[in-house]
Amino acid sequence: MKYLYYPGCSPETSALPYDMSAREVAKALGFELEELEDWNCCGATSYISFKDLLASAVTARNLAIAEKAGAENIVAICSACYLGLVKANNITAKDPEWKEKINKALGAAGLEYHGTVKVRHFLEVIVKDIGLDAVREKVTKPLTNITVASYSGCQLSRPYGDIDDEEFPEMMDELMGALGAKVAHFPQKGKCCGGMLMSTVPDVALKLNKNILLCAEENGADCISTCCPLCQMNLEGYQGTINNKFGTRFNVPVLYFTQLMGLAFGIPAEKLGISRNLASCRPVVVKVG
Amino acid sequence: MQAENVISSPDLQERFWKAMKEIPDGEKFKMCIQCGTCGGSCPSSDAMEYTPREIFAMLRAGYIEKALMANTIWNCVSCYLCTVRCPAEIKITDTMYALKTFAMNEGLYNKKFKAPIMAKAFVGNMERYGRNFEMELLIRYYLATNPFGLLAMSPLGAALFFKGRLPLLPPKIKGQEQIRKIMKAVDEMEQNGKGGAQ
């Protein structure tokens with residue numbers, strides 16, 4: 001089985017461990033991630049938020065290339081990329097006027113998009129297409145000794161709510177359960193990490209991240225599992241700043257769900273990029289054994 | 001800097017509603033029932049000068065400058081919680097985006113806010129590389145907002161660099177020319193769409 005894969009900018013750079021572990025996990029589960037040729041940025045939140053038509057058109061270039069390649073699906077691992085692509089897709093499908101505008105812009109570059117490609121999130125592909133039974137079969141080192149706070153964040157299931165519950169997402173919990181992990185009670189699982197506000201209005205974002213880290217810690221989590229590069233960066237990269245600001249003492253490992261899958265599949269930690277995470281994941285790796 | 005408590009000129013109001021009309025569901029916030037679910041759900045509403053509900057009321061009453069000059073739209077975290085909860089089914093987050101677009105086109109925002117600078121840096125990045133070059137994005141952003149912020153960020157930057165997560169060279173895509181053509185075509189459409197108003 002083969003899926004057309006849209007890595008996105010962060011997984012190429014600051015979220016490299018996500019890309020590495022996703023490719024490893026796909027290989028272990030017996031399907032191929034074929035990278036979309038010459039993809040460009042999805043526009044991300046900061047772009048969509050003030051240049052709507054431009055963002056849709058530029059994002060649609062990816063969909064046009066995928067369509068031309070005859071792909072049924074395009075799979076993103078970043079939640080913001082996923083939503084950016086879904087939005088461009090939805091607007092093309094539902095608004096004929098915008099579809100025309102987008103195609104006029106694409107036409108200037110010799111491209112066109114008819115709306116036949118389905119946008120998928122990698123987490124959804126694992127849980128719904130591949131299935132949890134197939135995942136269980138691959139587990140050689142069940143995560144029995146660790147408690148995971150599975151953090152889905154916002155843009156996986158909002159605003160559309162078509163692949164998971166809008167407020168209390170459960171897909172990642174189910175996956176962590178299939179890996180043998182104890183799933184922490186974690187009411188912050190669908191709350192926001194602040195996204196780009198970590199740079200533009202840090203006071204807001206730092207508080208939101210403190211709430212998430214505190215909730216994970218209070219509920220006995222050994223680590224937080226994420227499915228989005230920005231959530232991961234905000235949660236692990238600013239723990240020092242948060243500790244200074246709020247007098248907390250967080251030192252919580254924040255792993256991509258694909259890294260935890262890889263560990264459970266017995267894939268060596270270095271292939272999963274685990275040493276590249278900023279908050280040390282050693283306690284988790286040791287407990288998995 | 002707070003905008004004065006005055007109703008906007010008929011010209012500005014006309015431009016505003018025309019712009020909202022061009023965006024899918026852009027005018028739907030006229031149907032706001034003023035219940036306050038948005039502000040109650042919003043993770044950053046305590047840092048907003050007015051909640052989305054209040055912004056919608058102001059805009060309906062014609063206080064365009066006052067609504068746009070507030071920090072509200074720029075403090076939206078894009079989490080879509082208000083959108084999924086709104087009983088009037090207003091796409092509140094997308095409306096915030098539409099308001100940002102209009103505010104930036106009209107220059108109607110507090111120049112102290114940093115989000116517009118980030119947004120501009122992001123578009124520049126796309127124009128040059130077609131992908132996001134994080135290093136340049138952050139350097140441009142901090143130089144334009146707070147050069148000392150760059151120093152404050154440098155430990156995190158160094159940590160990422162040593163973990164192999166912060167490349168120093170920009171990405172390159174073959175279709176950069178396509179991206180520029182798409183951007184130019186959109187610009188032209190938007191200029192035409194403005195008609196005689198500008």
# chains A, B, ... in the order shown; residues from 1 in each chain; ligands from 1
$ residues_around --residues "segment 91-104 of chain A" --least-positions-apart "5" --cutoff "12 Å" --atoms "only C-alpha atoms" --output "ChimeraX atom specification"
/A:52-61,63-64,83-86,109-118 /B:22-25,181-190,193
$ interface_residues --of "chain A" --to "chain B" --cutoff "6 Å" --atoms "only C-alpha atoms" --output "mmCIF file with all heavy atoms, in the first residue's frame"
data_model
loop_
_atom_site.group_PDB
_atom_site.id
_atom_site.type_symbol
_atom_site.label_atom_id
_atom_site.label_comp_id
_atom_site.auth_asym_id
_atom_site.auth_seq_id
_atom_site.Cartn_x
_atom_site.Cartn_y
_atom_site.Cartn_z
ATOM 1 N N CYS A 9 6.861 21.942 6.229
ATOM 2 C CA CYS A 9 8.136 22.628 6.500
ATOM 3 C C CYS A 9 8.746 22.238 7.834
ATOM 4 O O CYS A 9 9.944 21.996 7.930
ATOM 5 C CB CYS A 9 7.933 24.137 6.444
ATOM 6 S SG CYS A 9 7.267 24.719 4.879
ATOM 7 N N THR A 13 12.520 20.351 9.284
ATOM 8 C CA THR A 13 13.550 21.066 10.043
ATOM 9 C C THR A 13 13.367 20.881 11.553
ATOM 10 O O THR A 13 13.850 19.926 12.128
ATOM 11 C CB THR A 13 13.513 22.566 9.678
ATOM 12 O OG1 THR A 13 12.188 23.065 9.883
ATOM 13 C CG2 THR A 13 13.883 22.769 8.233
ATOM 14 N N SER A 14 12.612 21.798 12.185
ATOM 15 C CA SER A 14 12.541 21.767 13.649
ATOM 16 C C SER A 14 11.792 20.549 14.178
ATOM 17 O O SER A 14 11.957 20.171 15.327
ATOM 18 C CB SER A 14 11.895 23.050 14.170
ATOM 19 O OG SER A 14 10.606 23.182 13.650
ATOM 20 N N ASP A 38 8.031 18.123 -5.072
ATOM 21 C CA ASP A 38 8.211 19.581 -5.070
ATOM 22 C C ASP A 38 7.092 20.339 -4.332
ATOM 23 O O ASP A 38 6.652 21.398 -4.785
ATOM 24 C CB ASP A 38 8.325 20.095 -6.516
ATOM 25 C CG ASP A 38 9.104 21.404 -6.590
ATOM 26 O OD1 ASP A 38 10.130 21.498 -5.900
ATOM 27 O OD2 ASP A 38 8.668 22.326 -7.298
ATOM 28 N N ASN A 40 5.059 22.642 -1.598
ATOM 29 C CA ASN A 40 5.383 23.943 -0.990
ATOM 30 C C ASN A 40 4.626 24.089 0.319
ATOM 31 O O ASN A 40 3.784 23.262 0.664
ATOM 32 C CB ASN A 40 5.052 25.095 -1.956
ATOM 33 C CG ASN A 40 3.593 25.127 -2.350
ATOM 34 O OD1 ASN A 40 3.208 24.562 -3.369
ATOM 35 N ND2 ASN A 40 2.762 25.766 -1.538
ATOM 36 N N CYS A 41 4.951 25.164 1.025
ATOM 37 C CA CYS A 41 4.368 25.400 2.356
ATOM 38 C C CYS A 41 2.830 25.456 2.284
ATOM 39 O O CYS A 41 2.250 25.950 1.327
ATOM 40 C CB CYS A 41 4.918 26.719 2.894
ATOM 41 S SG CYS A 41 4.157 27.263 4.415
ATOM 42 N N SER A 46 -0.348 31.610 10.272
ATOM 43 C CA SER A 46 -0.028 33.031 10.195
ATOM 44 C C SER A 46 -0.228 33.569 8.782
ATOM 45 O O SER A 46 -0.301 34.760 8.562
ATOM 46 C CB SER A 46 1.401 33.289 10.658
ATOM 47 O OG SER A 46 2.282 32.509 9.923
ATOM 48 N N TYR A 47 -0.301 32.673 7.840
ATOM 49 C CA TYR A 47 -0.462 33.073 6.453
ATOM 50 C C TYR A 47 -1.942 33.126 6.097
ATOM 51 O O TYR A 47 -2.461 34.131 5.635
ATOM 52 C CB TYR A 47 0.233 32.018 5.597
ATOM 53 C CG TYR A 47 0.581 32.455 4.216
ATOM 54 C CD1 TYR A 47 1.792 33.069 3.978
ATOM 55 C CD2 TYR A 47 -0.292 32.246 3.175
ATOM 56 C CE1 TYR A 47 2.122 33.462 2.698
ATOM 57 C CE2 TYR A 47 0.037 32.631 1.904
ATOM 58 C CZ TYR A 47 1.242 33.244 1.667
ATOM 59 O OH TYR A 47 1.559 33.619 0.412
ATOM 60 N N SER A 49 -4.245 33.475 7.999
ATOM 61 C CA SER A 49 -5.006 34.409 8.804
ATOM 62 C C SER A 49 -5.013 35.823 8.256
ATOM 63 O O SER A 49 -5.715 36.662 8.755
ATOM 64 C CB SER A 49 -4.511 34.401 10.243
ATOM 65 O OG SER A 49 -3.194 34.825 10.305
ATOM 66 N N PHE A 50 -4.211 36.118 7.243
ATOM 67 C CA PHE A 50 -4.429 37.453 6.704
ATOM 68 C C PHE A 50 -4.372 37.542 5.182
ATOM 69 O O PHE A 50 -4.516 38.606 4.611
ATOM 70 C CB PHE A 50 -3.511 38.482 7.371
ATOM 71 C CG PHE A 50 -2.245 38.783 6.646
ATOM 72 C CD1 PHE A 50 -2.121 39.961 5.916
ATOM 73 C CD2 PHE A 50 -1.210 37.902 6.679
ATOM 74 C CE1 PHE A 50 -0.958 40.241 5.236
ATOM 75 C CE2 PHE A 50 -0.047 38.180 5.997
ATOM 76 C CZ PHE A 50 0.087 39.349 5.277
ATOM 77 N N LEU A 54 -4.947 34.081 -1.178
ATOM 78 C CA LEU A 54 -3.576 33.736 -1.534
ATOM 79 C C LEU A 54 -3.181 32.409 -0.893
ATOM 80 O O LEU A 54 -2.625 31.521 -1.535
ATOM 81 C CB LEU A 54 -2.636 34.851 -1.082
ATOM 82 C CG LEU A 54 -1.164 34.678 -1.446
ATOM 83 C CD1 LEU A 54 -1.009 34.534 -2.943
ATOM 84 C CD2 LEU A 54 -0.351 35.856 -0.955
ATOM 85 N N ALA A 105 -5.793 31.486 -10.386
ATOM 86 C CA ALA A 105 -4.435 31.706 -9.873
ATOM 87 C C ALA A 105 -3.534 30.528 -10.227
ATOM 88 O O ALA A 105 -2.397 30.718 -10.678
ATOM 89 C CB ALA A 105 -4.472 31.911 -8.358
ATOM 90 N N LEU A 106 -4.034 29.308 -10.044
ATOM 91 C CA LEU A 106 -3.233 28.127 -10.397
ATOM 92 C C LEU A 106 -2.925 28.111 -11.888
ATOM 93 O O LEU A 106 -1.827 27.731 -12.305
ATOM 94 C CB LEU A 106 -3.980 26.840 -10.024
ATOM 95 C CG LEU A 106 -4.097 26.488 -8.538
ATOM 96 C CD1 LEU A 106 -4.960 25.241 -8.363
ATOM 97 C CD2 LEU A 106 -2.725 26.260 -7.913
ATOM 98 N N ALA A 108 -2.304 30.489 -13.823
ATOM 99 C CA ALA A 108 -1.154 31.342 -14.156
ATOM 100 C C ALA A 108 0.142 30.559 -14.069
ATOM 101 O O ALA A 108 1.149 30.922 -14.669
ATOM 102 C CB ALA A 108 -1.111 32.546 -13.216
ATOM 103 N N ALA A 109 0.114 29.477 -13.283
ATOM 104 C CA ALA A 109 1.310 28.655 -13.127
ATOM 105 C C ALA A 109 1.172 27.343 -13.894
ATOM 106 O O ALA A 109 1.924 26.388 -13.661
ATOM 107 C CB ALA A 109 1.558 28.380 -11.655
ATOM 108 N N CYS A 154 -5.613 21.364 18.899
ATOM 109 C CA CYS A 154 -6.807 21.928 18.260
ATOM 110 C C CYS A 154 -7.058 21.440 16.850
ATOM 111 O O CYS A 154 -8.148 20.996 16.507
ATOM 112 C CB CYS A 154 -6.671 23.437 18.157
ATOM 113 S SG CYS A 154 -6.143 24.221 19.661
ATOM 114 N N ARG A 158 -10.600 20.271 15.019
ATOM 115 C CA ARG A 158 -11.404 21.489 14.876
ATOM 116 C C ARG A 158 -10.927 22.269 13.652
ATOM 117 O O ARG A 158 -9.732 22.282 13.379
ATOM 118 C CB ARG A 158 -11.268 22.364 16.139
ATOM 119 C CG ARG A 158 -12.007 21.801 17.325
ATOM 120 C CD ARG A 158 -12.207 22.854 18.399
ATOM 121 N NE ARG A 158 -10.975 23.331 18.973
ATOM 122 C CZ ARG A 158 -10.354 22.790 20.022
ATOM 123 N NH1 ARG A 158 -10.870 21.742 20.627
ATOM 124 N NH2 ARG A 158 -9.240 23.288 20.483
ATOM 125 N N PRO A 159 -11.827 22.945 12.952
ATOM 126 C CA PRO A 159 -13.244 23.122 13.260
ATOM 127 C C PRO A 159 -14.171 22.025 12.738
ATOM 128 O O PRO A 159 -15.335 22.028 13.093
ATOM 129 C CB PRO A 159 -13.569 24.436 12.535
ATOM 130 C CG PRO A 159 -12.679 24.423 11.341
ATOM 131 C CD PRO A 159 -11.408 23.765 11.798
ATOM 132 N N CYS A 192 -5.710 24.352 23.660
ATOM 133 C CA CYS A 192 -4.762 24.960 22.728
ATOM 134 C C CYS A 192 -3.399 25.219 23.366
ATOM 135 O O CYS A 192 -3.313 25.599 24.527
ATOM 136 C CB CYS A 192 -5.350 26.273 22.226
ATOM 137 S SG CYS A 192 -4.303 27.119 21.049
ATOM 138 N N GLY A 194 -1.452 27.519 22.161
ATOM 139 C CA GLY A 194 -1.134 28.919 21.885
ATOM 140 C C GLY A 194 -0.583 29.149 20.496
ATOM 141 O O GLY A 194 -0.557 30.268 20.009
ATOM 142 N N THR A 200 4.287 35.875 19.220
ATOM 143 C CA THR A 200 3.706 37.208 19.095
ATOM 144 C C THR A 200 3.097 37.739 20.399
ATOM 145 O O THR A 200 3.174 38.927 20.665
ATOM 146 C CB THR A 200 2.635 37.245 17.983
ATOM 147 O OG1 THR A 200 1.639 36.255 18.260
ATOM 148 C CG2 THR A 200 3.237 36.940 16.624
ATOM 149 N N ARG A 276 17.025 13.785 19.650
ATOM 150 C CA ARG A 276 16.890 15.165 19.157
ATOM 151 C C ARG A 276 15.809 15.940 19.897
ATOM 152 O O ARG A 276 15.661 17.140 19.699
ATOM 153 C CB ARG A 276 16.581 15.166 17.661
ATOM 154 C CG ARG A 276 17.713 14.645 16.802
ATOM 155 C CD ARG A 276 17.249 14.523 15.363
ATOM 156 N NE ARG A 276 18.195 13.814 14.537
ATOM 157 C CZ ARG A 276 19.102 14.413 13.752
ATOM 158 N NH1 ARG A 276 19.156 15.710 13.703
ATOM 159 N NH2 ARG A 276 19.927 13.694 13.027
#
$ closest_residue --among "A:Leu272, A:Cys227, A:Ile242, A:Met1" --to "Lys210 of chain A" --atoms "only C-alpha atoms"
A:Ile242
$ select_by_dssp --residues "chain B" --states "alpha helix (DSSP H)" --output "ChimeraX atom specification"
/B:10-21,37-41,52-60,64-69,81-85,92-106,115-129,134-145,147-162,176-194
$ atom_distance --atom1 "atom CA of Lys141 of chain A" --atom2 "atom CA of Gln259 of chain A"
13.0 Å
$ residues_around --residues "segment 65-69 of chain B" --least-positions-apart "5" --cutoff "9 Å" --atoms "only C-alpha atoms" --output "list in words"
Met1, Gln2, Ala3, Glu4, Asn5, Val6, Ile7, Ser8, Leu12, Tyr50, Glu54, Ile55, Phe56, Met58, Leu59, Leu99, Lys100, Phe102, Ala103, Leu108, Tyr109 and Asn110 of chain B
$ atom_distance --atom1 "atom CA of Ala269 of chain A" --atom2 "atom CA of Ser21 of chain A"
9.3 Å
$ residues_around --residues "segment 219-226 of chain A" --least-positions-apart "2" --cutoff "9 Å" --atoms "only C-alpha atoms" --output "PyMOL selection string"
chain A and resi 146-153+172+176+182-186+213-217+228-229+231-232+235+252-260+281+283-284
$ closest_residue --among "A:Ala26, A:Val127, A:Ala181, A:Ile65" --to "Asn145 of chain A" --atoms "only C-alpha atoms"
A:Ala181
$ atom_distance --atom1 "atom CA of Glu34 of chain A" --atom2 "atom CA of Tyr5 of chain A"
5.4 Å
$ select_by_dssp --residues "segment 2-209 of chain A" --states "strand (DSSP E or B)" --output "NGL selection string"
:A and (2-6 or 32-35 or 73-76 or 118-121 or 147-151 or 182-183)
$ closest_residue --among "A:Cys193, A:Ala178, A:Leu206, A:Leu36" --to "Pro142 of chain A" --atoms "only C-alpha atoms"
A:Ala178
$ decode --residues "segment 143-173 of chain B" --atoms "N, CA and C atoms" --output "mmCIF file, in the first residue's frame"
data_model
loop_
_atom_site.group_PDB
_atom_site.id
_atom_site.type_symbol
_atom_site.label_atom_id
_atom_site.label_comp_id
_atom_site.auth_asym_id
_atom_site.auth_seq_id
_atom_site.Cartn_x
_atom_site.Cartn_y
_atom_site.Cartn_z
ATOM 1 N N LEU B 143 14.100 41.059 14.727
ATOM 2 C CA LEU B 143 14.762 42.319 14.404
ATOM 3 C C LEU B 143 13.730 43.436 14.252
ATOM 4 N N ALA B 144 12.559 43.079 13.710
ATOM 5 C CA ALA B 144 11.537 44.099 13.485
ATOM 6 C C ALA B 144 10.753 44.422 14.754
ATOM 7 N N THR B 145 10.710 43.499 15.701
ATOM 8 C CA THR B 145 9.888 43.744 16.886
ATOM 9 C C THR B 145 10.733 44.051 18.109
ATOM 10 N N ASN B 146 11.678 43.173 18.415
ATOM 11 C CA ASN B 146 12.431 43.306 19.647
ATOM 12 C C ASN B 146 13.759 42.567 19.496
ATOM 13 N N PRO B 147 14.806 43.310 19.050
ATOM 14 C CA PRO B 147 16.095 42.649 18.806
ATOM 15 C C PRO B 147 16.609 41.890 20.031
ATOM 16 N N PHE B 148 16.235 42.372 21.228
ATOM 17 C CA PHE B 148 16.696 41.669 22.430
ATOM 18 C C PHE B 148 16.016 40.307 22.563
ATOM 19 N N GLY B 149 14.817 40.229 21.936
ATOM 20 C CA GLY B 149 14.108 38.955 21.944
ATOM 21 C C GLY B 149 14.937 37.869 21.266
ATOM 22 N N LEU B 150 15.741 38.307 20.288
ATOM 23 C CA LEU B 150 16.594 37.364 19.572
ATOM 24 C C LEU B 150 17.616 36.756 20.528
ATOM 25 N N LEU B 151 18.131 37.625 21.405
ATOM 26 C CA LEU B 151 19.070 37.132 22.420
ATOM 27 C C LEU B 151 18.385 36.158 23.360
ATOM 28 N N ALA B 152 17.164 36.543 23.764
ATOM 29 C CA ALA B 152 16.424 35.686 24.687
ATOM 30 C C ALA B 152 16.120 34.338 24.039
ATOM 31 N N MET B 153 15.934 34.370 22.718
ATOM 32 C CA MET B 153 15.603 33.136 22.004
ATOM 33 C C MET B 153 16.842 32.287 21.717
ATOM 34 N N SER B 154 18.034 32.921 21.807
ATOM 35 C CA SER B 154 19.208 32.215 21.302
ATOM 36 C C SER B 154 19.524 30.890 22.013
ATOM 37 N N PRO B 155 19.258 30.747 23.336
ATOM 38 C CA PRO B 155 19.515 29.419 23.917
ATOM 39 C C PRO B 155 18.660 28.332 23.265
ATOM 40 N N LEU B 156 17.393 28.652 23.000
ATOM 41 C CA LEU B 156 16.508 27.667 22.355
ATOM 42 C C LEU B 156 16.995 27.382 20.933
ATOM 43 N N GLY B 157 17.391 28.472 20.222
ATOM 44 C CA GLY B 157 17.904 28.315 18.866
ATOM 45 C C GLY B 157 19.149 27.438 18.844
ATOM 46 N N ALA B 158 20.059 27.690 19.802
ATOM 47 C CA ALA B 158 21.294 26.910 19.854
ATOM 48 C C ALA B 158 20.975 25.446 20.151
ATOM 49 N N ALA B 159 20.044 25.214 21.086
ATOM 50 C CA ALA B 159 19.680 23.832 21.434
ATOM 51 C C ALA B 159 19.137 23.112 20.206
ATOM 52 N N LEU B 160 18.267 23.800 19.458
ATOM 53 C CA LEU B 160 17.687 23.193 18.262
ATOM 54 C C LEU B 160 18.770 22.923 17.223
ATOM 55 N N PHE B 161 19.691 23.906 17.081
ATOM 56 C CA PHE B 161 20.771 23.758 16.111
ATOM 57 C C PHE B 161 21.600 22.504 16.414
ATOM 58 N N PHE B 162 21.961 22.353 17.675
ATOM 59 C CA PHE B 162 22.815 21.211 18.029
ATOM 60 C C PHE B 162 22.065 19.884 17.963
ATOM 61 N N LYS B 163 20.747 19.941 17.987
ATOM 62 C CA LYS B 163 19.958 18.719 17.829
ATOM 63 C C LYS B 163 19.648 18.459 16.349
ATOM 64 N N GLY B 164 20.242 19.288 15.470
ATOM 65 C CA GLY B 164 20.013 19.102 14.036
ATOM 66 C C GLY B 164 18.625 19.512 13.592
ATOM 67 N N ARG B 165 18.013 20.449 14.342
ATOM 68 C CA ARG B 165 16.633 20.827 14.035
ATOM 69 C C ARG B 165 16.519 22.271 13.552
ATOM 70 N N LEU B 166 17.658 22.927 13.284
ATOM 71 C CA LEU B 166 17.590 24.311 12.804
ATOM 72 C C LEU B 166 18.603 24.511 11.679
ATOM 73 N N PRO B 167 18.244 24.133 10.446
ATOM 74 C CA PRO B 167 19.173 24.292 9.332
ATOM 75 C C PRO B 167 19.489 25.771 9.087
ATOM 76 N N LEU B 168 20.720 26.040 8.676
ATOM 77 C CA LEU B 168 21.114 27.434 8.455
ATOM 78 C C LEU B 168 20.910 27.860 7.001
ATOM 79 N N LEU B 169 20.670 26.887 6.126
ATOM 80 C CA LEU B 169 20.463 27.218 4.721
ATOM 81 C C LEU B 169 18.984 27.136 4.367
ATOM 82 N N PRO B 170 18.544 28.043 3.498
ATOM 83 C CA PRO B 170 17.117 28.039 3.145
ATOM 84 C C PRO B 170 16.746 26.841 2.272
ATOM 85 N N PRO B 171 15.454 26.469 2.328
ATOM 86 C CA PRO B 171 14.975 25.395 1.448
ATOM 87 C C PRO B 171 14.889 25.894 0.018
ATOM 88 N N LYS B 172 14.836 24.994 -0.922
ATOM 89 C CA LYS B 172 14.692 25.376 -2.338
ATOM 90 C C LYS B 172 13.658 24.459 -2.973
ATOM 91 N N ILE B 173 12.743 25.033 -3.740
ATOM 92 C CA ILE B 173 11.856 24.168 -4.513
ATOM 93 C C ILE B 173 11.944 24.542 -5.989
#
